[in-house]
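A short worksheet on the structure shown next.
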Amino acid sequence: MTKTTLRHIIEGRMPEDGLVQTGVRGVQLFRATEAVPCIPAVYEPCVIAIVSGAKEAVLDGYHHVYDHRDYLICPLSMPVEAGTPTAAPDNPLMGVYIALDTRLMTELTMEMGHATAAGSVAEARGIRLSPWDDGFAEALLRLVQLEDSTDLAILGEARLRELHYAILKGDAGAFARQAFAPGNGI
């Protein structure tokens, strides 16, 4: 239900292909209906959540193909090859790009009190796919639903903080906390 609502929001705000700002710092909606092969790109610290279609990122020869089931987390600037191999008018790629606030991620990691936790981070390879959980999906929906300028001004940063926290608590939390822990050498 949450992903369907997110898709309807994106369709309503984006009748054509492109990338639009939501009014919350670092949060953009995107839509693509043309397949694009993987080409060199640099991912800045971000989360990419797909609600329709699929996207691909290649890092060190490892292909990360993700769709509405998983979101991608990239905690550091990372050279990748990225594309939209299956985008088409009848199967548009739609999603949300969230620039990670590294200061906020570090602050939340410290507040959580455990820089590393149970979970496998050794295989992470610099980016990781994580299944959507209820906390992530609901926080993302609440963030994207903001449209009114007053709501954006008053609630935008708080909802962005909530989403960052949901990421740190989710399946990729140990991976993210390791990246943003004080003294991690990065």
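Residues are named by chain letter and number: chains run A, B, ... in the order of the structure tokens, numbers start at 1 in each chain, and ligands are numbered from 1 in the order shown.
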May I have a table of the residues of segment 17-41 of chain A lying at most 10 Å from segment 125-143 of chain A, giving each one's closest pair of atoms and their distance in Å to one decimal, counting only C-alpha atoms, ordered by chain and ascending residue number, as a Markdown table?
```
| residue | atom | partner | partner_atom | distance |
| --- | --- | --- | --- | --- |
| A:Thr22 | CA | A:Leu143 | CA | 9.1 |
| A:Val24 | CA | A:Leu143 | CA | 8.2 |
| A:Val27 | CA | A:Leu143 | CA | 8.9 |
```
Can those selected residues be exported to a file as a PDB file, in the first residue's frame so that it contains N, CA, C and O atoms?
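Wrote it out as out.pdb, contents follow:
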```pdb
ATOM      1  N   THR A  22      11.751  17.935  -4.162  1.00  0.00           N
ATOM      2  CA  THR A  22      10.519  17.817  -3.378  1.00  0.00           C
ATOM      3  C   THR A  22      10.279  19.024  -2.486  1.00  0.00           C
ATOM      4  O   THR A  22       9.193  19.175  -1.948  1.00  0.00           O
ATOM      5  N   VAL A  24      12.312  19.352   0.130  1.00  0.00           N
ATOM      6  CA  VAL A  24      13.114  18.945   1.281  1.00  0.00           C
ATOM      7  C   VAL A  24      14.544  18.779   0.776  1.00  0.00           C
ATOM      8  O   VAL A  24      14.785  18.095  -0.229  1.00  0.00           O
ATOM      9  N   VAL A  27      16.193  15.664  -1.314  1.00  0.00           N
ATOM     10  CA  VAL A  27      15.209  14.638  -1.667  1.00  0.00           C
ATOM     11  C   VAL A  27      14.603  14.975  -3.028  1.00  0.00           C
ATOM     12  O   VAL A  27      14.041  16.057  -3.207  1.00  0.00           O
TER      13      VAL A  27
END
```
Given only C-alpha atoms, how would the per-residue table for segment 14-64 of chain A near segment 91-100 of chain A read, listing every residue at most 8 Å away with its closest atom pair and distance in Å to one decimal, sorted by chain and number, as a tab-separated table?
```
residue	atom	partner	partner_atom	distance
A:Gly26	CA	A:Ala99	CA	4.8
A:Val27	CA	A:Ile98	CA	4.6
A:Gln28	CA	A:Tyr97	CA	5.1
A:Leu29	CA	A:Val96	CA	4.6
A:Phe30	CA	A:Gly95	CA	5.5
A:Arg31	CA	A:Met94	CA	4.4
A:Ala32	CA	A:Leu93	CA	5.1
A:Thr33	CA	A:Pro92	CA	4.7
A:Glu34	CA	A:Pro92	CA	7.8
A:Glu44	CA	A:Ala99	CA	7.4
A:Pro45	CA	A:Leu100	CA	5.3
A:Cys46	CA	A:Ala99	CA	4.4
A:Val47	CA	A:Ile98	CA	5.1
A:Ile48	CA	A:Tyr97	CA	4.7
A:Ala49	CA	A:Val96	CA	5.2
A:Ile50	CA	A:Gly95	CA	4.2
A:Val51	CA	A:Gly95	CA	5.2
A:Ser52	CA	A:Met94	CA	5.0
A:Gly53	CA	A:Leu93	CA	4.3
A:Ala54	CA	A:Leu93	CA	6.1
A:Lys55	CA	A:Leu93	CA	7.5
```
DSSP-assigned alpha helix (DSSP H) among chain A, expressed as number ranges by chain:
A: 2-13, 102-112, 134-144, 149-169, 173-180
What's the separation between atom CA of Phe180 of chain A and atom CA of Glu157 of chain A, in Å to one decimal place?
19.3 Å
Residues flagged strand (DSSP E or B) by DSSP in chain A, as a PyMOL selection string
chain A and resi 18-21+27-32+36-43+46-52+55-59+62-66+70-74+78-84+88+91+93-99+128-131
Near Thr102 of chain A, counting only C-alpha atoms, which residues have an atom at most 12 Å away, once you skip same-chain residues fewer than 5 positions from it, shown as a VMD selection string?
chain A and resid 26 44 to 47 74 to 77 107 to 109 161 164 176 to 177 179 to 182 186
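Straight-line separation from atom CA of Thr86 of chain A to atom CA of Ala35 of chain A: 5.5 Å.
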Please determine, counting only C-alpha atoms, which residue among A:Glu111, A:Asp101, A:Asp67, A:Asp171 has the shortest atom-to-atom distance to Thr84 of chain A.
A:Asp67
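Proximity to Val36 of chain A was assessed for A:Val58, A:Met78, A:Ala88, A:Ile9 counting only C-alpha atoms; the smallest distance is recorded for A:Ala88.
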